[in-house]
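Structure file input.cif (mmCIF, C-alpha atoms) follows.
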```cif
data_query
#
loop_
_atom_site.label_atom_id
_atom_site.label_comp_id
_atom_site.auth_asym_id
_atom_site.auth_seq_id
_atom_site.Cartn_x
_atom_site.Cartn_y
_atom_site.Cartn_z
CA MET A 1 312.25 10.29 174.24
CA PHE A 2 313.52 13.25 172.21
CA ASP A 3 313.77 15.86 174.94
CA GLU A 4 316.62 18.03 173.68
CA LYS A 5 315.40 21.23 172.03
CA LEU A 6 317.21 24.03 170.22
CA PRO A 7 315.89 27.35 168.88
CA TYR A 8 316.65 26.10 165.36
CA ARG A 9 316.29 22.80 163.50
CA VAL A 10 319.48 20.89 162.85
CA TYR A 11 321.04 19.11 159.86
CA ASP A 12 322.37 15.65 160.68
CA ALA A 13 325.27 14.31 158.57
CA ASP A 14 324.80 10.67 159.56
CA ASN A 15 321.38 9.02 159.70
CA HIS A 16 320.68 5.47 158.56
CA PHE A 17 317.91 3.30 157.17
CA TYR A 18 317.71 -0.49 157.27
CA GLU A 19 317.46 -2.28 153.94
CA PRO A 20 315.00 -5.19 154.06
CA ALA A 21 316.24 -8.59 152.92
CA GLY A 22 315.59 -9.11 149.22
CA ALA A 23 315.25 -5.40 148.45
CA LEU A 24 317.43 -5.59 145.33
CA LEU A 25 315.85 -8.55 143.56
CA PRO A 26 312.83 -6.70 142.07
CA TYR A 27 315.23 -4.15 140.59
CA LEU A 28 317.88 -6.60 139.39
CA GLU A 29 317.79 -8.22 135.96
CA GLN A 30 316.75 -11.87 136.22
CA ARG A 31 319.99 -13.15 134.76
CA PHE A 32 321.92 -11.68 137.71
CA HIS A 33 319.70 -13.05 140.47
CA ASP A 34 322.29 -15.70 141.31
CA LYS A 35 324.83 -12.90 141.80
CA VAL A 36 322.74 -10.54 143.92
CA ALA A 37 324.81 -8.66 146.47
CA VAL A 38 323.70 -10.02 149.82
CA ASP A 39 325.49 -7.95 152.42
CA TYR A 40 328.00 -5.42 153.57
CA THR A 41 331.06 -7.67 153.36
CA PRO A 42 331.60 -9.31 149.97
CA GLY A 43 334.45 -11.65 150.89
CA LYS A 44 333.96 -15.40 151.21
CA ALA A 45 330.51 -14.99 149.70
CA ALA A 46 329.89 -18.68 149.08
CA GLN A 47 330.73 -19.68 152.64
CA HIS A 48 328.89 -16.83 154.32
CA ALA A 49 325.78 -16.30 152.18
CA ALA A 50 323.42 -18.18 154.52
CA LYS A 51 324.82 -16.48 157.60
CA ILE A 52 324.63 -13.08 155.94
CA ARG A 53 320.99 -13.49 154.95
CA ALA A 54 320.17 -14.49 158.52
CA GLN A 55 321.94 -11.35 159.72
CA GLN A 56 319.81 -9.22 157.38
CA GLU A 57 316.61 -10.75 158.73
CA GLU A 58 317.82 -10.26 162.28
CA ARG A 59 318.67 -6.65 161.49
CA GLN A 60 315.02 -5.94 160.73
CA GLN A 61 314.15 -7.04 164.27
CA VAL A 62 317.15 -5.55 166.06
CA ILE A 63 315.21 -2.68 167.55
CA SER A 64 312.89 -5.19 169.21
CA ALA A 65 315.70 -6.83 171.13
CA ARG A 66 315.30 -6.23 174.85
CA GLY A 67 317.74 -3.47 175.78
CA GLY A 68 320.19 -4.33 172.99
CA GLY A 69 320.28 -2.78 169.54
CA ILE A 70 318.34 0.36 170.41
CA PRO A 71 319.93 3.70 169.46
CA GLY A 72 322.75 4.56 171.84
CA SER A 73 322.82 1.20 173.61
CA THR A 74 326.56 0.68 173.07
CA LEU A 75 327.57 4.21 174.10
CA GLY A 76 328.88 5.24 177.50
CA LYS A 77 327.58 8.43 179.02
CA ALA A 78 325.08 8.95 176.15
CA ASN A 79 323.46 5.53 176.59
CA PRO A 80 319.71 6.10 177.10
CA LEU A 81 319.58 3.04 179.40
CA ARG A 82 322.33 4.30 181.69
CA ASP A 83 321.36 4.69 185.33
CA LYS A 84 317.76 3.61 184.63
CA THR A 85 315.67 1.20 186.62
CA ALA A 86 314.48 -2.03 185.04
CA GLU A 87 311.03 -0.51 184.57
CA GLU A 88 312.44 2.64 182.96
CA ARG A 89 314.63 0.57 180.66
CA GLU A 90 311.64 -1.46 179.53
CA GLN A 91 309.71 1.71 178.76
CA ILE A 92 312.60 3.11 176.68
CA VAL A 93 312.87 -0.14 174.73
CA GLU A 94 309.13 -0.07 174.04
CA GLU A 95 309.31 3.55 172.83
CA PHE A 96 312.05 2.73 170.33
CA ARG A 97 310.30 -0.45 169.28
CA ALA A 98 307.36 1.73 168.24
CA LEU A 99 309.70 3.60 165.84
CA GLU A 100 310.77 0.48 163.97
CA GLY A 101 308.73 1.28 160.87
CA ALA A 102 310.47 4.65 160.49
CA TYR A 103 313.73 2.88 159.73
CA GLN A 104 312.26 1.50 156.51
CA ASP A 105 309.70 4.16 155.54
CA ARG A 106 310.55 7.72 154.57
CA GLU A 107 307.21 9.32 155.46
CA ARG A 108 307.35 7.89 158.95
CA ARG A 109 310.99 8.91 159.17
CA ILE A 110 310.03 12.52 158.46
CA ASP A 111 307.66 12.36 161.43
CA VAL A 112 310.51 11.10 163.63
CA MET A 113 312.81 13.84 162.33
CA ASP A 114 310.17 16.42 163.21
CA ALA A 115 310.02 15.05 166.75
CA GLN A 116 313.82 15.12 166.94
CA GLY A 117 314.16 18.68 165.67
CA ILE A 118 316.00 17.58 162.52
CA GLN A 119 315.34 19.65 159.41
CA GLY A 120 317.48 17.56 157.06
CA ALA A 121 319.72 14.52 157.13
CA LEU A 122 322.13 12.55 155.02
CA MET A 123 320.52 9.09 155.03
CA PHE A 124 322.91 6.16 154.56
CA PRO A 125 322.40 2.44 154.05
CA THR A 126 323.18 0.02 156.85
CA GLY A 127 323.73 -3.26 155.00
CA VAL A 128 324.26 -4.10 151.37
CA GLY A 129 324.42 -0.52 150.09
CA VAL A 130 327.54 0.46 152.02
CA GLY A 131 329.76 -2.16 150.40
CA ILE A 132 327.94 -2.79 147.13
CA TRP A 133 330.78 -1.21 145.12
CA ALA A 134 332.86 -4.30 145.99
CA ASN A 135 330.39 -7.02 145.00
CA ASN A 136 331.17 -9.35 142.08
CA LEU A 137 334.60 -7.89 141.41
CA ASP A 138 335.30 -10.73 139.01
CA ASP A 139 332.17 -9.93 136.97
CA PRO A 140 331.96 -6.22 136.07
CA GLU A 141 328.57 -6.64 134.41
CA ALA A 142 327.06 -8.15 137.55
CA ASN A 143 328.75 -5.49 139.67
CA ILE A 144 327.15 -2.56 137.87
CA ALA A 145 323.82 -4.40 137.64
CA ASN A 146 323.75 -4.60 141.44
CA VAL A 147 324.78 -0.96 141.76
CA ARG A 148 321.98 0.09 139.40
CA ALA A 149 319.49 -2.06 141.30
CA PHE A 150 320.44 -0.55 144.63
CA ASN A 151 320.28 3.01 143.31
CA ARG A 152 316.81 2.41 141.84
CA TRP A 153 315.55 0.78 145.03
CA SER A 154 317.03 3.56 147.15
CA GLN A 155 315.62 6.24 144.85
CA ASP A 156 312.12 4.73 144.92
CA THR A 157 312.12 3.98 148.64
CA TRP A 158 313.97 6.97 150.13
CA GLY A 159 314.69 9.40 147.29
CA PHE A 160 317.94 11.11 146.45
CA ASP A 161 316.35 14.33 147.70
CA PHE A 162 313.06 13.71 149.47
CA LYS A 163 311.19 16.92 150.32
CA ASP A 164 314.51 18.77 150.69
CA ARG A 165 314.94 16.86 153.95
CA ILE A 166 316.24 13.35 153.31
CA PHE A 167 319.34 13.15 151.14
CA THR A 168 320.33 9.61 150.15
CA PRO A 169 323.67 9.18 148.36
CA ALA A 170 323.91 7.45 145.04
CA VAL A 171 326.33 4.52 145.11
CA VAL A 172 328.95 3.89 142.46
CA GLY A 173 330.54 0.85 140.90
CA LEU A 174 333.57 1.51 138.74
CA VAL A 175 334.87 -1.95 137.85
CA ASP A 176 333.41 -1.14 134.44
CA LEU A 177 334.30 2.54 134.36
CA GLU A 178 332.16 3.48 131.36
CA ALA A 179 329.04 1.77 132.71
CA GLY A 180 329.68 3.13 136.19
CA LEU A 181 329.94 6.71 134.96
CA ALA A 182 326.79 6.26 132.89
CA GLU A 183 324.93 5.22 136.05
CA LEU A 184 326.41 8.19 137.90
CA ASP A 185 325.18 10.50 135.12
CA ARG A 186 321.68 9.04 135.52
CA CYS A 187 321.73 9.58 139.30
CA ILE A 188 322.93 13.17 138.97
CA GLU A 189 320.20 13.83 136.40
CA GLN A 190 317.68 12.35 138.84
CA GLY A 191 318.70 14.81 141.55
CA ALA A 192 321.39 13.09 143.64
CA LYS A 193 323.19 15.62 145.84
CA THR A 194 325.82 13.20 147.11
CA VAL A 195 327.74 10.15 145.89
CA LEU A 196 328.90 7.46 148.29
CA LEU A 197 332.54 6.39 147.93
CA PRO A 198 334.48 3.87 150.01
CA PRO A 199 337.51 4.70 152.15
CA GLY A 200 340.86 3.58 150.82
CA PRO A 201 341.82 2.69 147.24
CA LEU A 202 339.28 2.36 144.44
CA TYR A 203 339.83 -1.04 142.85
CA ASN A 204 343.58 -1.04 143.52
CA ARG A 205 344.06 2.51 142.27
CA ALA A 206 344.40 5.75 144.19
CA PRO A 207 341.03 7.54 144.26
CA ALA A 208 342.66 10.58 142.63
CA ASP A 209 344.33 8.52 139.90
CA PRO A 210 343.73 10.29 136.56
CA TYR A 211 341.93 7.11 135.52
CA TYR A 212 339.01 8.35 137.62
CA ASP A 213 339.04 11.93 136.35
CA GLY A 214 335.67 11.29 134.72
CA LEU A 215 334.19 10.74 138.19
CA TRP A 216 335.69 13.85 139.71
CA ALA A 217 334.95 15.98 136.65
CA ARG A 218 331.25 15.16 137.00
CA LEU A 219 331.27 16.09 140.69
CA ASP A 220 333.26 19.25 139.99
CA GLU A 221 330.85 20.41 137.30
CA SER A 222 327.58 19.40 138.96
CA GLY A 223 328.34 20.39 142.55
CA VAL A 224 327.38 16.89 143.73
CA ARG A 225 329.36 16.09 146.86
CA ALA A 226 331.44 13.00 147.57
CA VAL A 227 330.75 11.37 150.93
CA ILE A 228 333.07 8.70 152.30
CA HIS A 229 331.37 6.59 154.95
CA LEU A 230 332.95 3.97 157.16
CA GLY A 231 332.69 0.64 155.39
CA TYR A 232 334.29 -2.36 153.77
CA THR A 233 337.89 -2.05 152.62
CA LYS A 234 340.61 -4.53 151.68
CA TYR A 235 343.01 -3.31 154.36
CA GLN A 236 342.72 -6.62 156.20
CA VAL A 237 344.98 -8.21 153.57
CA ALA A 238 347.94 -6.64 155.38
CA GLY A 239 347.14 -8.89 158.31
CA LYS A 240 348.85 -11.82 156.59
CA TYR A 241 352.19 -10.25 157.51
CA PHE A 242 351.18 -10.57 161.17
CA GLY A 243 349.84 -14.10 160.85
CA TYR A 244 346.16 -13.24 160.29
CA ASP A 245 343.74 -14.60 157.70
CA ASP A 246 343.89 -12.01 154.92
CA ASP A 247 340.33 -12.75 153.77
CA VAL A 248 338.56 -12.19 157.08
CA HIS A 249 336.20 -9.23 157.39
CA TYR A 250 334.79 -7.04 160.11
CA HIS A 251 331.53 -8.96 160.46
CA ASP A 252 333.47 -12.22 160.67
CA GLY A 253 334.98 -10.95 163.90
CA PHE A 254 338.00 -8.64 163.84
CA ASP A 255 340.02 -8.83 167.02
CA ALA A 256 341.40 -5.68 168.68
CA PHE A 257 344.49 -5.48 166.44
CA GLN A 258 342.51 -5.92 163.23
CA TRP A 259 339.81 -3.47 164.29
CA LEU A 260 342.40 -0.82 165.17
CA HIS A 261 344.37 -0.99 161.95
CA TYR A 262 341.95 -2.20 159.29
CA TRP A 263 338.59 -0.76 160.33
CA GLY A 264 339.40 2.55 161.94
CA ASP A 265 341.65 5.50 161.32
CA ARG A 266 344.15 4.12 158.83
CA PRO A 267 341.85 3.79 155.78
CA VAL A 268 340.43 7.29 156.12
CA MET A 269 343.82 8.86 156.87
CA GLU A 270 345.29 7.35 153.72
CA THR A 271 342.24 8.46 151.73
CA ILE A 272 342.62 12.07 152.84
CA SER A 273 346.36 12.21 152.25
CA SER A 274 345.99 10.48 148.87
CA LEU A 275 343.40 12.97 147.65
CA ILE A 276 345.53 15.92 148.81
CA PHE A 277 348.99 14.71 147.81
CA ASP A 278 347.75 13.45 144.44
CA ASN A 279 346.62 17.02 143.83
CA LEU A 280 342.98 16.21 143.13
CA PHE A 281 341.78 19.66 144.16
CA THR A 282 344.09 21.49 141.76
CA ARG A 283 342.49 19.61 138.88
CA PHE A 284 338.97 19.82 140.32
CA PRO A 285 338.75 22.86 142.60
CA ASN A 286 334.99 22.63 143.16
CA VAL A 287 335.08 19.11 144.62
CA LYS A 288 334.09 18.81 148.29
CA VAL A 289 334.34 15.65 150.38
CA GLY A 290 332.43 14.64 153.50
CA LEU A 291 334.03 12.15 155.92
CA ILE A 292 331.23 10.41 157.76
CA GLU A 293 331.39 7.95 160.67
CA HIS A 294 335.17 7.88 160.85
CA GLY A 295 335.41 10.13 163.88
CA SER A 296 337.95 12.91 164.13
CA VAL A 297 340.61 12.09 166.75
CA TYR A 298 343.12 11.18 164.03
CA LEU A 299 342.89 14.60 162.36
CA PRO A 300 345.33 16.67 164.48
CA TYR A 301 348.04 14.05 163.96
CA LEU A 302 347.36 13.66 160.24
CA ILE A 303 347.21 17.39 159.54
CA ARG A 304 350.49 17.96 161.38
CA LYS A 305 352.23 15.11 159.56
CA MET A 306 350.98 16.21 156.12
CA ASP A 307 352.18 19.77 156.69
CA HIS A 308 355.48 18.45 158.04
CA ALA A 309 356.02 16.35 154.92
CA MET A 310 355.58 19.45 152.77
CA LEU A 311 357.88 21.56 154.97
CA LEU A 312 360.55 18.87 154.66
CA GLY A 313 360.45 19.36 150.91
CA LYS A 314 358.75 16.05 150.12
CA THR A 315 357.36 16.06 146.60
CA THR A 316 354.15 14.60 145.21
CA ARG A 317 353.75 12.48 142.11
CA ASN A 318 351.21 14.87 140.58
CA GLY A 319 352.79 18.28 140.83
CA THR A 320 353.35 20.98 143.44
CA LEU A 321 350.58 21.59 145.93
CA PRO A 322 349.09 25.10 145.75
CA ALA A 323 348.94 25.48 149.53
CA ARG A 324 349.70 23.67 152.76
CA PRO A 325 347.81 20.40 153.16
CA SER A 326 346.08 21.82 156.23
CA GLU A 327 344.73 24.71 154.15
CA ILE A 328 343.59 22.37 151.38
CA PHE A 329 341.81 20.22 153.95
CA GLN A 330 339.98 23.19 155.42
CA GLU A 331 338.84 24.26 151.95
CA HIS A 332 337.61 20.91 150.66
CA PHE A 333 336.57 18.63 153.54
CA VAL A 334 333.97 18.37 156.24
CA VAL A 335 334.17 15.72 158.94
CA ALA A 336 331.65 14.29 161.40
CA PRO A 337 333.17 13.47 164.81
CA TYR A 338 331.92 10.47 166.72
CA PRO A 339 329.16 11.36 169.19
CA GLU A 340 331.26 11.00 172.35
CA GLU A 341 334.59 12.39 171.12
CA ASN A 342 336.23 15.37 172.73
CA ILE A 343 336.74 17.69 169.77
CA THR A 344 338.64 20.52 171.49
CA ARG A 345 341.94 19.70 169.81
CA VAL A 346 340.27 19.06 166.46
CA LEU A 347 338.67 22.51 166.56
CA GLU A 348 342.05 24.08 167.29
CA VAL A 349 343.60 22.40 164.25
CA VAL A 350 340.94 22.52 161.53
CA GLY A 351 338.56 25.18 162.83
CA PRO A 352 334.78 25.01 163.29
CA ASP A 353 333.82 25.33 159.62
CA CYS A 354 335.06 21.80 158.80
CA LEU A 355 332.91 20.04 161.39
CA VAL A 356 329.38 18.71 160.96
CA PHE A 357 327.47 16.76 163.54
CA GLY A 358 326.40 13.21 162.81
CA SER A 359 324.25 11.21 165.21
CA ASP A 360 324.47 7.78 163.52
CA PHE A 361 320.81 7.34 164.47
CA PRO A 362 319.31 4.71 164.86
CA HIS A 363 322.41 2.54 165.24
CA PRO A 364 323.34 1.17 168.67
CA GLU A 365 326.56 3.17 168.59
CA GLY A 366 324.68 6.36 167.65
CA LEU A 367 322.85 8.95 169.70
CA SER A 368 319.35 8.05 170.83
CA ASP A 369 318.46 11.77 170.78
CA PRO A 370 320.48 13.35 167.93
CA VAL A 371 320.18 16.96 169.05
CA SER A 372 321.83 16.05 172.35
CA TYR A 373 325.14 16.27 170.47
CA VAL A 374 325.07 19.97 171.28
CA HIS A 375 326.31 19.09 174.78
CA GLN A 376 329.67 18.23 173.20
CA LEU A 377 329.83 21.88 172.15
CA GLU A 378 328.95 23.51 175.47
CA ARG A 379 332.27 25.37 175.68
CA GLN A 380 331.85 26.82 172.19
CA SER A 381 330.08 30.01 171.20
CA GLU A 382 326.47 29.91 170.03
CA ASP A 383 327.65 30.74 166.49
CA ILE A 384 330.03 27.76 166.44
CA GLN A 385 327.34 25.51 167.87
CA ARG A 386 324.88 26.57 165.20
CA ASN A 387 327.45 26.12 162.44
CA ILE A 388 328.30 22.57 163.50
CA MET A 389 324.71 21.59 164.25
CA ARG A 390 323.26 23.14 161.10
CA ASN A 391 325.00 25.65 158.86
CA ASN A 392 328.13 23.75 157.83
CA LEU A 393 326.15 20.86 156.36
CA VAL A 394 323.73 23.28 154.68
CA ARG A 395 326.70 24.93 152.97
CA PHE A 396 328.28 21.59 152.08
CA LEU A 397 325.06 20.40 150.41
CA GLN A 398 324.46 23.84 148.86
CA LEU A 399 320.97 24.06 150.27
CA ALA A 400 318.98 27.27 150.29
#
```

Transcribe the structure of this file into structure tokens.
Amino acid sequence: MFDEKLPYRVYDADNHFYEPAGALLPYLEQRFHDKVAVDYTPGKAAQHAAKIRAQQEERQQVISARGGGIPGSTLGKANPLRDKTAEEREQIVEEFRALEGAYQDRERRIDVMDAQGIQGALMFPTGVGVGIWANNLDDPEANIANVRAFNRWSQDTWGFDFKDRIFTPAVVGLVDLEAGLAELDRCIEQGAKTVLLPPGPLYNRAPADPYYDGLWARLDESGVRAVIHLGYTKYQVAGKYFGYDDDVHYHDGFDAFQWLHYWGDRPVMETISSLIFDNLFTRFPNVKVGLIEHGSVYLPYLIRKMDHAMLLGKTTRNGTLPARPSEIFQEHFVVAPYPEENITRVLEVVGPDCLVFGSDFPHPEGLSDPVSYVHQLERQSEDIQRNIMRNNLVRFLQLA
């Protein structure tokens, strides 16, 4: 099943666990049980709560689905079922079915990582944790209560830093800024190495707005890294100008137009340019940001356009940039390309030190054998391969 071998163990920037239904309730104060965050997409909660809970229960069994849902099953050339006989496909499905427990148990996950040749991995939520920052926006007290509950469940179940091998980000909720920063302080004190932030604006403010300087100051001082993973945004509201429902969400069924503009490159591109043009890294020079599960094909265009804006004499609202945007990006960001992207042009533009490999295991759109990502790097030197497969993430996380 995990046949690819390298002479070193890799560091994977994008692994996932599956949260079981009801995980938050034991950690959530009783008075907020009627406002428990139930899933990834917070919109239309009243209408979709039953459907969402059913999706969570189904997610626990997804690996058991015949041929569908197993790691890599929605990929093209990296699909483990590609060109296999019916008997071979059944055997592969059975092998992954046997791993199901490792998606909800950290000790068993370590065993799988050993078999895969993975030394360490950033371990992200799949369901409620990714979008929990946006739950109960009209009730700040319930919002931070859910954030605290998720962090405590995640800490107990996976650990912020488990055996120096599994690194689970703390999540933040900043509707109540003071309470949110207090929870961040607790997580940092408890050993969190990363903090999960959403793409796009933070509660209708730019992420580098001075209002959030308390967040960035803590990351700057502690060395804790920000990681921005693909997830819920409010970009779909722009769809109303094209005749779309402005309260529809990805899991409700984006069509091709909505997926392209509201779920893909645009949110992360605006996040990057906002952080750079709002001069975040002049105020907080030690801050580093990881861009996970957004791919990388947009980067050459974005880098060129940001530099062009500066060369045209365009100003920023927060002072003069200390260097070209491309240089700032190379200093402060790492990015995980999608498993099947051609990264030749990206390497030419940002260089190999900005790239980290992320398998997205065990998601259907991820690699079934994470180390096989090295085949995307066959034209690169062994040093570049090792940096992308291991060293760049080690440096980003400041591991020994």

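When the PyMOL selection byres ((chain A and resi 217-227) around 7) is run on the displayed coordinates, the residues it returns are A:Lys193, A:Thr194, A:Val195, A:Leu196, A:Leu197, A:Asp213, A:Gly214, A:Leu215, A:Trp216, A:Ile228, A:His229, A:Phe284, A:Asn286, A:Val287, A:Lys288, A:Val289, A:Gly290, A:Leu291, A:Ile292.
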
Convert the output of the PyMOL selection byres ((chain A and resi 336-338) around 7) on the shown file into explicit residues, formatted as a PDB file with C-alpha atoms, in the frame of the given file.
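File produced: selection_17.pdb:
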```pdb
ATOM      1  CA  ALA A  13     325.270  14.310 158.570  1.00  0.00           C
ATOM      2  CA  LEU A 291     334.030  12.150 155.920  1.00  0.00           C
ATOM      3  CA  ILE A 292     331.230  10.410 157.760  1.00  0.00           C
ATOM      4  CA  GLU A 293     331.390   7.950 160.670  1.00  0.00           C
ATOM      5  CA  GLY A 295     335.410  10.130 163.880  1.00  0.00           C
ATOM      6  CA  SER A 296     337.950  12.910 164.130  1.00  0.00           C
ATOM      7  CA  VAL A 334     333.970  18.370 156.240  1.00  0.00           C
ATOM      8  CA  VAL A 335     334.170  15.720 158.940  1.00  0.00           C
ATOM      9  CA  PRO A 339     329.160  11.360 169.190  1.00  0.00           C
ATOM     10  CA  GLU A 340     331.260  11.000 172.350  1.00  0.00           C
ATOM     11  CA  GLU A 341     334.590  12.390 171.120  1.00  0.00           C
ATOM     12  CA  LEU A 355     332.910  20.040 161.390  1.00  0.00           C
ATOM     13  CA  VAL A 356     329.380  18.710 160.960  1.00  0.00           C
ATOM     14  CA  PHE A 357     327.470  16.760 163.540  1.00  0.00           C
ATOM     15  CA  GLY A 358     326.400  13.210 162.810  1.00  0.00           C
TER      16      GLY A 358
END
```

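Comparing A:Arg9, A:Lys77, A:Lys35, A:Arg106 by their smallest distance to Gln376 in chain A, the closest is A:Lys77 (using only C-alpha atoms).
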
Give me the residues of range 138-212 of chain A that have any atom at most 10 Å from an atom of range 250-267 of chain A; for each, the nearest atom pair and the distance in Å, rounded to one decimal. Use only C-alpha atoms, sort by chain and number, and format it as a tab-separated table.
```
residue	atom	partner	partner_atom	distance
A:Pro198	CA	A:Pro267	CA	9.4
A:Pro199	CA	A:Pro267	CA	5.7
A:Gly200	CA	A:Pro267	CA	5.1
A:Pro201	CA	A:Pro267	CA	8.6
```

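All residues of protein, DNA or RNA that reach within 10 Å of Val36 in chain A, judged by all atoms listed in the file and not counting those fewer than 2 positions away in the chain, are Gly22, Leu24, Leu25, Leu28, Glu29, Gln30, Arg31, Phe32, His33, Asp34, Val38, Asp39, Val128, Ile132, Asn135, Asn136, Ala142, Asn143, Ala145, Asn146 and Ala149 of chain A.
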
Expected axis-aligned box over every listed atom of range 275-281 of chain A, 5 Å added per side, centre plus edges in Å to one decimal, as AutoDock Vina command-line options:
```
--center_x 345.4 --center_y 16.3 --center_z 146.0 --size_x 17.2 --size_y 16.7 --size_z 15.7
```

Neighbours of Tyr103 in chain A within 7 Å (all atoms listed in the file; same-chain residues fewer than 6 positions away dropped), as a compact mmCIF listing (two decimals) with C-alpha atoms, in the frame of the given file?
```txt
# COMPACT_ATOMS: atom_id res chain seq x y z
CA PHE A 17 317.91 3.30 157.17
CA TYR A 18 317.71 -0.49 157.27
CA ARG A 109 310.99 8.91 159.17
```

For this session: Return as an MDAnalysis selection string the set of residues that the PyMOL selection byres ((chain A and resi 206) around 12) yields on the displayed structure.
Result: chainID A and resid 198:205 207:213 270:280 317:318

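Proximity ranking of A:Phe2, A:Trp133, A:Tyr8, A:Tyr298 relative to Asp369 in chain A places A:Phe2 first, based on only C-alpha atoms.
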
Problem set entry | Distance criterion (only C-alpha atoms): nearest to Phe167 in chain A out of A:Gly351, A:Gly120, A:Pro20, A:Pro370 | A:Gly120

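Compared by their closest atoms to Thr320 in chain A, and using all atoms listed in the file, the residues A:Phe281, A:Met389, A:Ala179, A:Gly131 rank with A:Phe281 nearest.
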
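Taking CA of Gly239 in chain A and CA of Leu75 in chain A as the two end points, the separation is 28.4 Å.
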
For this session: Find the residues near Thr282 in chain A: any atom within 8 Å, counting all atoms listed in the file, skip ones fewer than 3 places away on the same chain, and give them as a ChimeraX atom specification.
Result: /A:279,285,321-322

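Interatomic distance, CA of Ser372 in chain A against CA of Gly231 in chain A: 25.4 Å.
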
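Relative to CA of Thr168 in chain A, CA of Ala182 in chain A is found at 18.7 Å.
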
Problem set entry | Selection as a PyMOL selection string: residues within 8 Å of (326.4, 6.7, 166.2), counting only C-alpha atoms | chain A and resi 14+71-72+293+338-339+358-367

Problem set entry | All residues 6 Å or closer to His16 in chain A, all atoms listed in the file, same chain fewer than 4 positions away omitted, as a PyMOL selection string | chain A and resi 123-125
